[in-house]
Amino acid sequence: MSTQINTIQALNWALDDAMAADVNVVVLGEEVADPEGGGIVKVTSGLSSKYGLRVRSTPISEMAFTGAAVGAAITGIRPVVEIMLMNFLAVCMDQITNHAAKLRFMSGGQTNVPMVVRTMTGSGFQTGGQHADFLEAWFCHTPGLKVVMPSTPADAYGLLRSAIDDPDPVIFVEHMASYWTPGPAPERGKSVPLGKAKVVRPGRDVTLIGYSRSMMDIPVVAAALAKEDVDCEVIDLRTVSPLDMDTVLTSVKKTGRAVVVHEAVRSFGVGAEMSARIHESLFRELKAPVERVASQDAPVPFAKQLETAFLYSHADIVRAVRSTLR
Amino acid sequence: MSNAPLPGATLLAIYRKMTEIKLHDDRFISLMKSGRLTMPYYSARGQECIPAAICVQLTNDDYLVTIYRGIHDMIAKGVPVKQIWAELAGRITGTCKGKGGPMHVTHPASGCMVTTGVVGAGMPIGCGLALAAQLRGEKRVTVTNFGDGAANIGAFHESLNLAAVWKLPVIFVCQNNEYAEHTAFAKGTSVERIVDRANSYGMPGRHVDGNDPLAVYEAAKEAIGRARDGGGPTLIEAKTFRFNGHLIGDAGEYIPKARYEAALAADPYPKFRHWLIDNRHATATQLDTLDSEITSEVDAAVQFAFDSPLTDPAEVRRDVYATA
């Protein structure tokens with residue numbers, strides 16, 4: 001059995017290795033330095049002690065420090081900004097969508113913004129309506145940004161290394177529920193390319209497509225369905241923008257059926273985009289319409305039973321798979 | 001005009017920049033009126049001496065951030081005027097290949113790093129440019145320009161706080177032209193002077209007559225020196241006026257006629273010209289010669305722009321990411 005680490009440690013390794021490899025890598029965010037605790041879940045623990053002022057705790061001032069990261073990035077600094085929770089991106093959207101995303105284009109390619117915005121989110125902790133949203137579609141809908149959403153410690157390491165090395169701005173979304181889940185340790189120094197999905201389970205009947213949180217659920221459902229002689233192929237997108245349609249279409253061509261699963265609300269989401277693209281490319285080869293499984297179109301509620309009702313269930317995934325097999 | 005003695009060469013350098021700004025502005029408007037140039041244009045006519053007096057003290061290594069009303073800042077900073085014209089005309093030879101336009105001109109070679117169309121948004125970015133210089137131990141400073149309206153948006157407050165906490169080598173230059181779009185200063189601002197807010201963020205502030213190049217020069221000199229020496233940020237409020245409204249085409253009904261006429265009577269451009277002559281820093285003939293030189297430069301820039309090929313529509317798909 002290989003060494004096991006969790007995602008927090010994997011991310012810490014990625015930051016540490018990236019900072020050791022390139023003096024231009026800096027970390028900015030609330031409480032990221034050691035005197036303030038090394039990050040809310042300690043992803044950045046130990047880094048300020050090792051790298052000094054390259055790791056800076058900021059005031060609670062997302063607009064200022066995200067904008068500062070944009071300004072530093074156009075001079076060749078590679079800032080990794082930590083936005084404590086994904087909902088807080090709403091207070092610095094201008095810097096991300098109007099500036100980071102567009103400066104390369106608006107400058108005719110003279111400047112670029114090699115920054116990473118790390119953030120975390122996820123329901124299941126009774127944090128209510130402003131601490132748990134999956135907002136990736138906002139960023140996917142903005143040309144110029146990339147959106148990365150890992151589901152395993154090894155991918156978290158390799159994708160963060162790639163995101164830091166990338167010449168364009170990357171939104172890097174971590175899922176709260178998976179932080180402490182152990183997995184095989186990454187090979188240090190080895191990047192995972194952005195924009196490449198991974199087939200995590202080969203199968204012939206239905207393609208199940210997920211990322212982030214849903215990759216905790218899809219393999220469980222696929223294993224259960226296998227006992228009923230339904231053979232699911234499972235794809236972890238890993239990068240949500242740009243989408244790796246080659247991997248997806250190769251799979252769906254084979255199975256003729258697809259189900260997309262995400263924690264973000266259903267309407268206008270990544271599932272809708274995925275469904276549209278599959279239909280556009282494989283309409284005549286599909287054996288059933290593409291199904292979407294997602295959270296309900298509502299804010300994330302507080303009470304446990306409401307929160308459970310908000311999120312999709314394993315039964316919802318099973319129902320969607322069965323629907324494609326009818 | 002304040003009496004601080006400056007070398008004649010510096011005075012003439014300021015005058016030259018002011019004249020460049022004014023003559024290009026005049027020509028932009030005339031070509032817009034004739035229909036040759038189509039763009040949303042936020043003229044800075046009347047605000048020339050602020051960037052002129054600041055930028056004669058900067059080098060190409062110093063960073064500039066400006067806003068949609070910012071072509072005066074760009075020209076003063078040294079962005080090549082041919083490339084500005086080509087940008088506005090949508091040509092491949094433009095600073096940004098025609099993809100940015102007047103609100104997004106960028107030219108890193110002359111230090112013009114970002115031009116933003118979002119009120120206040122340049123200040124956090126200015127902090128970041130200054131942070132980069134600080135991290136690298138460089139001596140360069142960042143000047144980030146904005147209007148009085150921007151002093152009421154959150155980005156201003158967050159940026160001043162961050163810059164003061166981190167002692168960033170940045171100079172916040174508020175070009176207070178009395179109107180936030182169509183809203184008079186007093187109707188939207190809780191203080192009489194923007195500079196009074198500097199104290200709230202623990203940084204020095206200087207209030208200057210933005211129509212007096214010598215006063216602007218002195219305030220900027222002090223702020224630039226402080227930033228270069230690691231002394232941290234400064235807020236400068238330069239009081240001025242804009243003569244061409246918020247946007248070209250704006251009829252200016254919201255400006256009382258008497259106020260407009262008084263401002264026009266104090267137009268800093270002819271005032272400085274007369275002052276140079278009256279104080280024997282230059283003769284009228286010398287300045288006429290300089291003016292006609294600059295007119296020829298404007299002619300050449302216009303010619304260059306319209307002789308250049310239009311940017312190919314295929315460029316829409318380029319520069320979105322590093323690789324298509």
# chains A, B, ... in the order shown; residues from 1 in each chain; ligands from 1
call {"tool": "interface_residues", "arguments": {"of": "chain B", "to": "chain A", "cutoff": "8 Å", "atoms": "only C-alpha atoms", "output": "ChimeraX atom specification"}}
result
/B:95-100,104-108,113-114,121,123-132,135,155,158-159,162,318-322
call {"tool": "residues_around", "arguments": {"residues": "segment 185-193 of chain A", "least_positions_apart": "5", "cutoff": "10 Å", "atoms": "only C-alpha atoms", "output": "list in words"}}
result
Ser2, Thr3, Gln4, Ile5, Asn6, Thr7, Gln9, Ala10, Trp13, Ala14, Asp17, Ala18, Ala21, Thr152, Pro153, Ala154, Asp155, Ala156, Tyr157, Gly158, Leu159, Leu160, Arg161, Ser162, Ala163, Asp165, Asp166, Arg238 and Thr239 of chain A
call {"tool": "select_by_dssp", "arguments": {"residues": "segment 63-302 of chain B", "states": "strand (DSSP E or B)", "output": "CSV table (one decimal) with N, CA and C atoms, in the first residue's frame"}}
result
chain,number,residue,atom,x,y,z
B,63,TYR,N,5.7,52.5,-12.6
B,63,TYR,CA,4.5,52.0,-13.1
B,63,TYR,C,3.4,53.1,-13.0
B,64,LEU,N,2.5,53.0,-14.0
B,64,LEU,CA,1.3,53.9,-14.1
B,64,LEU,C,0.1,53.0,-14.2
B,65,VAL,N,-0.9,53.4,-13.4
B,65,VAL,CA,-2.3,52.8,-13.6
B,65,VAL,C,-3.2,54.0,-13.8
B,66,THR,N,-4.0,53.9,-14.8
B,66,THR,CA,-5.0,55.0,-15.0
B,66,THR,C,-6.3,54.4,-15.4
B,67,ILE,N,-7.2,55.4,-15.7
B,67,ILE,CA,-8.6,55.0,-15.9
B,67,ILE,C,-9.1,55.4,-17.2
B,91,ARG,N,-6.5,49.5,-35.2
B,91,ARG,CA,-5.5,48.9,-36.1
B,91,ARG,C,-4.6,47.9,-35.4
B,107,HIS,N,0.7,49.7,-22.2
B,107,HIS,CA,2.0,49.8,-22.8
B,107,HIS,C,3.1,49.6,-21.8
B,112,CYS,N,3.0,51.9,-18.6
B,112,CYS,CA,1.6,52.0,-18.5
B,112,CYS,C,1.0,50.6,-18.4
B,113,MET,N,0.8,50.2,-17.2
B,113,MET,CA,0.5,48.7,-17.0
B,113,MET,C,-0.9,48.3,-17.1
B,114,VAL,N,-1.8,49.2,-16.6
B,114,VAL,CA,-3.3,48.9,-16.7
B,114,VAL,C,-4.0,50.2,-16.8
B,115,THR,N,-5.0,50.2,-17.7
B,115,THR,CA,-6.0,51.2,-17.8
B,115,THR,C,-7.4,50.6,-17.6
B,116,THR,N,-8.1,51.0,-16.6
B,116,THR,CA,-9.4,50.3,-16.3
B,116,THR,C,-10.6,51.2,-16.6
B,142,THR,N,4.9,53.3,-8.1
B,142,THR,CA,3.6,53.2,-8.8
B,142,THR,C,2.8,54.4,-8.6
B,143,VAL,N,2.3,55.0,-9.7
B,143,VAL,CA,1.3,56.1,-9.6
B,143,VAL,C,0.0,55.6,-10.1
B,144,THR,N,-1.0,55.7,-9.2
B,144,THR,CA,-2.3,55.2,-9.6
B,144,THR,C,-3.3,56.3,-9.6
B,145,ASN,N,-3.9,56.6,-10.7
B,145,ASN,CA,-4.8,57.8,-10.9
B,145,ASN,C,-6.2,57.4,-10.8
B,146,PHE,N,-7.0,58.3,-10.3
B,146,PHE,CA,-8.5,58.1,-10.3
B,146,PHE,C,-9.1,59.5,-10.1
B,147,GLY,N,-10.5,59.4,-10.2
B,147,GLY,CA,-11.2,60.7,-10.0
B,147,GLY,C,-11.8,60.8,-8.6
B,170,VAL,N,3.6,53.4,-3.4
B,170,VAL,CA,2.5,53.8,-4.3
B,170,VAL,C,2.0,55.2,-4.0
B,171,ILE,N,1.7,55.9,-5.1
B,171,ILE,CA,1.1,57.3,-4.9
B,171,ILE,C,-0.3,57.3,-5.5
B,172,PHE,N,-1.2,57.5,-4.6
B,172,PHE,CA,-2.6,57.6,-5.1
B,172,PHE,C,-2.9,59.1,-5.5
B,173,VAL,N,-3.2,59.2,-6.8
B,173,VAL,CA,-3.4,60.6,-7.3
B,173,VAL,C,-4.9,60.8,-7.6
B,174,CYS,N,-5.6,61.5,-6.8
B,174,CYS,CA,-7.0,61.8,-7.1
B,174,CYS,C,-7.1,63.1,-7.9
B,175,GLN,N,-7.5,62.9,-9.1
B,175,GLN,CA,-7.7,64.1,-10.0
B,175,GLN,C,-9.1,64.6,-9.8
B,176,ASN,N,-9.3,65.5,-8.8
B,176,ASN,CA,-10.7,65.9,-8.5
B,176,ASN,C,-11.2,66.9,-9.4
B,179,TYR,N,-16.8,66.5,-10.6
B,179,TYR,CA,-18.0,65.7,-10.9
B,179,TYR,C,-17.7,64.3,-11.0
B,180,ALA,N,-18.5,63.5,-10.4
B,180,ALA,CA,-18.5,62.0,-10.6
B,180,ALA,C,-19.6,61.7,-11.6
B,183,THR,N,-22.7,63.8,-11.2
B,183,THR,CA,-23.0,64.1,-9.8
B,183,THR,C,-22.0,65.1,-9.2
B,184,ALA,N,-22.4,66.2,-8.8
B,184,ALA,CA,-21.5,67.2,-8.2
B,184,ALA,C,-20.8,66.6,-7.0
B,205,GLY,N,-1.2,63.0,3.3
B,205,GLY,CA,-2.0,63.5,2.2
B,205,GLY,C,-1.6,64.9,1.8
B,206,ARG,N,-1.7,65.2,0.5
B,206,ARG,CA,-1.4,66.6,0.1
B,206,ARG,C,-2.5,67.0,-0.8
B,207,HIS,N,-3.0,68.2,-0.5
B,207,HIS,CA,-4.1,68.8,-1.3
B,207,HIS,C,-3.4,69.9,-2.1
B,208,VAL,N,-3.5,69.8,-3.4
B,208,VAL,CA,-2.9,70.8,-4.3
B,208,VAL,C,-3.8,71.4,-5.3
B,209,ASP,N,-3.5,72.6,-5.8
B,209,ASP,CA,-4.2,73.1,-6.9
B,209,ASP,C,-3.8,72.4,-8.2
B,234,THR,N,1.3,57.7,-0.4
B,234,THR,CA,0.8,59.1,-0.2
B,234,THR,C,-0.4,59.2,-1.0
B,235,LEU,N,-1.4,60.0,-0.5
B,235,LEU,CA,-2.6,60.4,-1.2
B,235,LEU,C,-2.4,61.9,-1.6
B,236,ILE,N,-2.5,62.1,-2.9
B,236,ILE,CA,-2.5,63.5,-3.4
B,236,ILE,C,-3.9,63.8,-4.0
B,237,GLU,N,-4.4,64.9,-3.6
B,237,GLU,CA,-5.7,65.3,-4.2
B,237,GLU,C,-5.4,66.6,-5.0
B,238,ALA,N,-5.5,66.5,-6.3
B,238,ALA,CA,-5.3,67.6,-7.2
B,238,ALA,C,-6.6,68.2,-7.7
B,239,LYS,N,-6.9,69.4,-7.3
B,239,LYS,CA,-8.2,70.0,-7.6
B,239,LYS,C,-8.2,70.5,-9.0
call {"tool": "residues_around", "arguments": {"residues": "Asp133 of chain A", "least_positions_apart": "6", "cutoff": "8 Å", "atoms": "only C-alpha atoms", "output": "JSON, numbers by chain"}}
result
{"A": [86, 87, 121, 122, 123, 264, 299, 300]}
call {"tool": "atom_distance", "arguments": {"atom1": "atom CA of Arg277 of chain A", "atom2": "atom CA of Leu243 of chain A"}}
result
10.0 Å
call {"tool": "closest_residue", "arguments": {"among": "B:Ile92, B:Ala76, B:Ser308, B:Glu178", "to": "Tyr254 of chain B", "atoms": "only C-alpha atoms"}}
result
B:Glu178
call {"tool": "atom_distance", "arguments": {"atom1": "atom CA of Leu6 of chain B", "atom2": "atom CA of Tyr217 of chain B"}}
result
9.3 Å
call {"tool": "closest_residue", "arguments": {"among": "B:Asn152, B:Phe306, B:Asp212, B:Glu222", "to": "Trp275 of chain B", "atoms": "only C-alpha atoms"}}
result
B:Asp212
call {"tool": "closest_residue", "arguments": {"among": "A:Met245, A:Ala137, A:Val234, A:Leu225", "to": "Gly195 of chain A", "atoms": "only C-alpha atoms"}}
result
A:Met245
call {"tool": "select_by_dssp", "arguments": {"residues": "segment 47-273 of chain A", "states": "alpha helix (DSSP H)", "output": "JSON list (two decimals) with N, CA and C atoms, in the first residue's frame"}}
result
[["chain", "number", "residue", "atom", "x", "y", "z"],
["A", 47, "LEU", "N", 4.54, 27.71, 5.96],
["A", 47, "LEU", "CA", 5.14, 28.36, 4.79],
["A", 47, "LEU", "C", 5.72, 29.74, 5.12],
["A", 48, "SER", "N", 5.05, 30.50, 5.95],
["A", 48, "SER", "CA", 5.59, 31.84, 6.25],
["A", 48, "SER", "C", 6.86, 31.72, 7.09],
["A", 49, "SER", "N", 6.92, 30.68, 7.91],
["A", 49, "SER", "CA", 8.15, 30.49, 8.70],
["A", 49, "SER", "C", 9.32, 30.17, 7.77],
["A", 50, "LYS", "N", 8.99, 29.49, 6.69],
["A", 50, "LYS", "CA", 10.05, 29.10, 5.75],
["A", 50, "LYS", "C", 10.36, 30.17, 4.72],
["A", 51, "TYR", "N", 9.33, 30.89, 4.24],
["A", 51, "TYR", "CA", 9.53, 31.81, 3.12],
["A", 51, "TYR", "C", 9.34, 33.29, 3.48],
["A", 62, "GLU", "N", -10.82, 41.43, 0.52],
["A", 62, "GLU", "CA", -10.62, 40.60, -0.68],
["A", 62, "GLU", "C", -10.38, 41.41, -1.94],
["A", 63, "MET", "N", -11.11, 42.52, -2.06],
["A", 63, "MET", "CA", -10.95, 43.31, -3.27],
["A", 63, "MET", "C", -9.53, 43.84, -3.38],
["A", 64, "ALA", "N", -9.00, 44.33, -2.26],
["A", 64, "ALA", "CA", -7.66, 44.91, -2.29],
["A", 64, "ALA", "C", -6.59, 43.85, -2.55],
["A", 65, "PHE", "N", -6.66, 42.72, -1.84],
["A", 65, "PHE", "CA", -5.52, 41.80, -2.02],
["A", 65, "PHE", "C", -5.65, 40.95, -3.29],
["A", 66, "THR", "N", -6.88, 40.74, -3.76],
["A", 66, "THR", "CA", -7.02, 40.05, -5.05],
["A", 66, "THR", "C", -6.55, 40.98, -6.17],
["A", 67, "GLY", "N", -6.93, 42.24, -6.06],
["A", 67, "GLY", "CA", -6.45, 43.22, -7.04],
["A", 67, "GLY", "C", -4.95, 43.38, -6.97],
["A", 68, "ALA", "N", -4.41, 43.35, -5.77],
["A", 68, "ALA", "CA", -2.96, 43.45, -5.61],
["A", 68, "ALA", "C", -2.28, 42.26, -6.28],
["A", 69, "ALA", "N", -2.91, 41.10, -6.17],
["A", 69, "ALA", "CA", -2.35, 39.92, -6.84],
["A", 69, "ALA", "C", -2.36, 40.11, -8.36],
["A", 70, "VAL", "N", -3.42, 40.72, -8.87],
["A", 70, "VAL", "CA", -3.48, 40.99, -10.32],
["A", 70, "VAL", "C", -2.33, 41.91, -10.72],
["A", 71, "GLY", "N", -2.16, 42.99, -9.96],
["A", 71, "GLY", "CA", -1.10, 43.95, -10.27],
["A", 71, "GLY", "C", 0.29, 43.32, -10.20],
["A", 72, "ALA", "N", 0.51, 42.53, -9.15],
["A", 72, "ALA", "CA", 1.82, 41.88, -9.02],
["A", 72, "ALA", "C", 2.02, 40.87, -10.15],
["A", 73, "ALA", "N", 0.95, 40.17, -10.50],
["A", 73, "ALA", "CA", 1.06, 39.11, -11.52],
["A", 73, "ALA", "C", 1.48, 39.67, -12.87],
["A", 93, "MET", "N", -15.19, 39.98, -7.29],
["A", 93, "MET", "CA", -15.47, 39.54, -8.67],
["A", 93, "MET", "C", -14.93, 40.51, -9.71],
["A", 103, "LEU", "N", -7.12, 41.02, -18.88],
["A", 103, "LEU", "CA", -5.98, 41.90, -19.17],
["A", 103, "LEU", "C", -5.15, 41.39, -20.33],
["A", 104, "ARG", "N", -5.00, 40.07, -20.45],
["A", 104, "ARG", "CA", -4.23, 39.57, -21.59],
["A", 104, "ARG", "C", -4.88, 40.03, -22.89],
["A", 105, "PHE", "N", -6.17, 39.84, -22.97],
["A", 105, "PHE", "CA", -6.87, 40.17, -24.22],
["A", 105, "PHE", "C", -6.88, 41.68, -24.45],
["A", 106, "MET", "N", -7.29, 42.42, -23.42],
["A", 106, "MET", "CA", -7.45, 43.87, -23.60],
["A", 106, "MET", "C", -6.12, 44.57, -23.87],
["A", 136, "GLU", "N", -18.80, 27.66, -9.57],
["A", 136, "GLU", "CA", -17.84, 27.52, -10.67],
["A", 136, "GLU", "C", -18.37, 28.01, -12.01],
["A", 137, "ALA", "N", -19.70, 27.91, -12.20],
["A", 137, "ALA", "CA", -20.26, 28.32, -13.49],
["A", 137, "ALA", "C", -20.02, 29.80, -13.77],
["A", 138, "TRP", "N", -20.00, 30.63, -12.70],
["A", 138, "TRP", "CA", -19.71, 32.05, -12.90],
["A", 138, "TRP", "C", -18.38, 32.23, -13.63],
["A", 139, "PHE", "N", -17.41, 31.45, -13.21],
["A", 139, "PHE", "CA", -16.05, 31.63, -13.72],
["A", 139, "PHE", "C", -15.88, 30.92, -15.06],
["A", 140, "CYS", "N", -16.54, 29.78, -15.19],
["A", 140, "CYS", "CA", -16.49, 29.08, -16.49],
["A", 140, "CYS", "C", -17.10, 29.94, -17.58],
["A", 153, "PRO", "N", -6.18, 13.81, -3.20],
["A", 153, "PRO", "CA", -4.95, 14.48, -2.76],
["A", 153, "PRO", "C", -3.90, 14.55, -3.88],
["A", 154, "ALA", "N", -3.73, 13.49, -4.61],
["A", 154, "ALA", "CA", -2.69, 13.47, -5.64],
["A", 154, "ALA", "C", -3.00, 14.47, -6.75],
["A", 155, "ASP", "N", -4.28, 14.52, -7.16],
["A", 155, "ASP", "CA", -4.66, 15.50, -8.17],
["A", 155, "ASP", "C", -4.56, 16.92, -7.62],
["A", 156, "ALA", "N", -4.91, 17.09, -6.36],
["A", 156, "ALA", "CA", -4.82, 18.43, -5.75],
["A", 156, "ALA", "C", -3.38, 18.93, -5.84],
["A", 157, "TYR", "N", -2.43, 18.05, -5.55],
["A", 157, "TYR", "CA", -1.02, 18.43, -5.64],
["A", 157, "TYR", "C", -0.64, 18.77, -7.08],
["A", 158, "GLY", "N", -0.87, 17.83, -7.96],
["A", 158, "GLY", "CA", -0.40, 17.98, -9.34],
["A", 158, "GLY", "C", -1.09, 19.10, -10.09],
["A", 159, "LEU", "N", -2.37, 19.28, -9.82],
["A", 159, "LEU", "CA", -3.11, 20.35, -10.49],
["A", 159, "LEU", "C", -2.73, 21.72, -9.94],
["A", 160, "LEU", "N", -2.46, 21.79, -8.64],
["A", 160, "LEU", "CA", -2.05, 23.10, -8.10],
["A", 160, "LEU", "C", -0.68, 23.49, -8.64],
["A", 161, "ARG", "N", 0.20, 22.50, -8.79],
["A", 161, "ARG", "CA", 1.51, 22.83, -9.40],
["A", 161, "ARG", "C", 1.32, 23.37, -10.82],
["A", 162, "SER", "N", 0.45, 22.73, -11.59],
["A", 162, "SER", "CA", 0.19, 23.20, -12.96],
["A", 162, "SER", "C", -0.47, 24.57, -12.96],
["A", 163, "ALA", "N", -1.40, 24.77, -12.03],
["A", 163, "ALA", "CA", -2.11, 26.05, -11.96],
["A", 163, "ALA", "C", -1.13, 27.19, -11.68],
["A", 164, "ILE", "N", -0.19, 26.94, -10.76],
["A", 164, "ILE", "CA", 0.80, 27.98, -10.42],
["A", 164, "ILE", "C", 1.71, 28.25, -11.62],
["A", 165, "ASP", "N", 2.04, 27.21, -12.35],
["A", 165, "ASP", "CA", 2.91, 27.38, -13.51],
["A", 165, "ASP", "C", 2.18, 27.98, -14.72],
["A", 214, "SER", "N", -18.67, 15.46, -6.27],
["A", 214, "SER", "CA", -19.43, 14.33, -6.82],
["A", 214, "SER", "C", -18.54, 13.11, -7.05],
["A", 215, "MET", "N", -17.22, 13.30, -7.07],
["A", 215, "MET", "CA", -16.33, 12.15, -7.22],
["A", 215, "MET", "C", -16.22, 11.34, -5.92],
["A", 216, "MET", "N", -16.79, 11.88, -4.83],
["A", 216, "MET", "CA", -16.90, 11.06, -3.62],
["A", 216, "MET", "C", -18.11, 10.13, -3.74],
["A", 217, "ASP", "N", -19.07, 10.50, -4.54],
["A", 217, "ASP", "CA", -20.34, 9.77, -4.62],
["A", 217, "ASP", "C", -20.43, 8.85, -5.83],
["A", 218, "ILE", "N", -19.96, 9.31, -6.96],
["A", 218, "ILE", "CA", -20.16, 8.55, -8.20],
["A", 218, "ILE", "C", -19.53, 7.15, -8.13],
["A", 219, "PRO", "N", -18.29, 7.02, -7.64],
["A", 219, "PRO", "CA", -17.70, 5.67, -7.60],
["A", 219, "PRO", "C", -18.49, 4.71, -6.69],
["A", 220, "VAL", "N", -19.07, 5.24, -5.63],
["A", 220, "VAL", "CA", -19.87, 4.41, -4.72],
["A", 220, "VAL", "C", -21.10, 3.89, -5.46],
["A", 221, "VAL", "N", -21.75, 4.79, -6.18],
["A", 221, "VAL", "CA", -22.95, 4.41, -6.95],
["A", 221, "VAL", "C", -22.56, 3.43, -8.06],
["A", 222, "ALA", "N", -21.44, 3.70, -8.71],
["A", 222, "ALA", "CA", -21.01, 2.82, -9.81],
["A", 222, "ALA", "C", -20.74, 1.40, -9.29],
["A", 223, "ALA", "N", -20.14, 1.32, -8.10],
["A", 223, "ALA", "CA", -19.85, 0.00, -7.53],
["A", 223, "ALA", "C", -21.15, -0.73, -7.20],
["A", 224, "ALA", "N", -22.13, 0.02, -6.68],
["A", 224, "ALA", "CA", -23.42, -0.60, -6.35],
["A", 224, "ALA", "C", -24.13, -1.07, -7.61],
["A", 225, "LEU", "N", -24.09, -0.25, -8.64],
["A", 225, "LEU", "CA", -24.77, -0.62, -9.90],
["A", 225, "LEU", "C", -24.09, -1.81, -10.58],
["A", 226, "ALA", "N", -22.79, -1.92, -10.37],
["A", 226, "ALA", "CA", -22.06, -3.05, -10.97],
["A", 226, "ALA", "C", -22.62, -4.38, -10.49],
["A", 245, "MET", "N", -13.26, 17.64, -23.68],
["A", 245, "MET", "CA", -14.34, 16.96, -24.40],
["A", 245, "MET", "C", -13.85, 15.72, -25.14],
["A", 246, "ASP", "N", -12.57, 15.66, -25.45],
["A", 246, "ASP", "CA", -12.05, 14.46, -26.14],
["A", 246, "ASP", "C", -12.31, 13.22, -25.30],
["A", 247, "THR", "N", -11.91, 13.32, -24.02],
["A", 247, "THR", "CA", -12.09, 12.17, -23.13],
["A", 247, "THR", "C", -13.58, 11.85, -22.95],
["A", 248, "VAL", "N", -14.38, 12.88, -22.77],
["A", 248, "VAL", "CA", -15.81, 12.66, -22.54],
["A", 248, "VAL", "C", -16.46, 12.04, -23.78],
["A", 249, "LEU", "N", -16.18, 12.61, -24.93],
["A", 249, "LEU", "CA", -16.87, 12.15, -26.15],
["A", 249, "LEU", "C", -16.42, 10.74, -26.54],
["A", 250, "THR", "N", -15.16, 10.43, -26.30],
["A", 250, "THR", "CA", -14.68, 9.07, -26.59],
["A", 250, "THR", "C", -15.47, 8.07, -25.75],
["A", 251, "SER", "N", -15.69, 8.43, -24.51],
["A", 251, "SER", "CA", -16.41, 7.54, -23.61],
["A", 251, "SER", "C", -17.88, 7.42, -24.02],
["A", 252, "VAL", "N", -18.51, 8.57, -24.25],
["A", 252, "VAL", "CA", -19.96, 8.54, -24.54],
["A", 252, "VAL", "C", -20.24, 7.89, -25.90],
["A", 253, "LYS", "N", -19.30, 8.00, -26.81],
["A", 253, "LYS", "CA", -19.43, 7.33, -28.10],
["A", 253, "LYS", "C", -19.55, 5.82, -27.87],
["A", 254, "LYS", "N", -18.77, 5.38, -26.91],
["A", 254, "LYS", "CA", -18.75, 3.94, -26.59],
["A", 254, "LYS", "C", -20.01, 3.51, -25.84],
["A", 255, "THR", "N", -20.40, 4.29, -24.82],
["A", 255, "THR", "CA", -21.54, 3.87, -23.97],
["A", 255, "THR", "C", -22.89, 4.32, -24.53],
["A", 270, "VAL", "N", -22.54, 23.68, -15.04],
["A", 270, "VAL", "CA", -21.58, 22.92, -15.84],
["A", 270, "VAL", "C", -22.27, 21.71, -16.48],
["A", 271, "GLY", "N", -23.23, 21.13, -15.77],
["A", 271, "GLY", "CA", -23.97, 19.99, -16.33],
["A", 271, "GLY", "C", -24.73, 20.37, -17.59],
["A", 272, "ALA", "N", -25.27, 21.57, -17.59],
["A", 272, "ALA", "CA", -26.02, 22.05, -18.76],
["A", 272, "ALA", "C", -25.08, 22.20, -19.95],
["A", 273, "GLU", "N", -23.90, 22.76, -19.69],
["A", 273, "GLU", "CA", -22.92, 22.94, -20.76],
["A", 273, "GLU", "C", -22.45, 21.59, -21.30]]
call {"tool": "residues_around", "arguments": {"residues": "Gly210 of chain B", "least_positions_apart": "5", "cutoff": "12 Å", "atoms": "only C-alpha atoms", "output": "NGL selection string"}}
result
:B and (1-2 or 46-54 or 173-178 or 215-220 or 236-242 or 266-269)
call {"tool": "residues_around", "arguments": {"residues": "Ala227 of chain B", "least_positions_apart": "3", "cutoff": "8 Å", "atoms": "only C-alpha atoms", "output": "MDAnalysis selection string"}}
result
chainID B and resid 141 168:171 223:224 230:234
call {"tool": "write_last_selection", "arguments": {"atoms": "C-alpha atoms", "output": "PDB file, in the first residue's frame"}}
result
ATOM      1  CA  VAL B 141       7.233  53.588  -7.709  1.00  0.00           C
ATOM      2  CA  LEU B 168       3.781  50.079  -0.353  1.00  0.00           C
ATOM      3  CA  PRO B 169       5.669  52.411  -2.718  1.00  0.00           C
ATOM      4  CA  VAL B 170       2.506  53.764  -4.328  1.00  0.00           C
ATOM      5  CA  ILE B 171       1.140  57.259  -4.905  1.00  0.00           C
ATOM      6  CA  ALA B 223       5.471  61.595  -2.537  1.00  0.00           C
ATOM      7  CA  ILE B 224       7.736  59.968  -5.113  1.00  0.00           C
ATOM      8  CA  GLY B 230      10.640  52.951   1.479  1.00  0.00           C
ATOM      9  CA  GLY B 231       8.524  55.485   3.352  1.00  0.00           C
ATOM     10  CA  GLY B 232       5.247  54.142   2.005  1.00  0.00           C
ATOM     11  CA  PRO B 233       2.223  55.580   0.208  1.00  0.00           C
ATOM     12  CA  THR B 234       0.843  59.096  -0.195  1.00  0.00           C
TER      13      THR B 234
END
call {"tool": "closest_residue", "arguments": {"among": "B:Ile248, B:Lys17, B:His157, B:Val118", "to": "Met39 of chain B", "atoms": "only C-alpha atoms"}}
result
B:Ile248
call {"tool": "closest_residue", "arguments": {"among": "B:Val302, B:Val195, B:Ala133, B:Met203", "to": "Ala151 of chain B", "atoms": "only C-alpha atoms"}}
result
B:Val195
call {"tool": "residues_around", "arguments": {"residues": "segment 130-132 of chain A", "least_positions_apart": "6", "cutoff": "12 Å", "atoms": "only C-alpha atoms", "output": "MDAnalysis selection string"}}
result
chainID A and resid 83:91 119:124 173:177 263:265 295 299:302 307 310:311
call {"tool": "closest_residue", "arguments": {"among": "B:Ala109, B:Ala198, B:Leu160, B:Val316", "to": "Gly78 of chain B", "atoms": "only C-alpha atoms"}}
result
B:Ala109
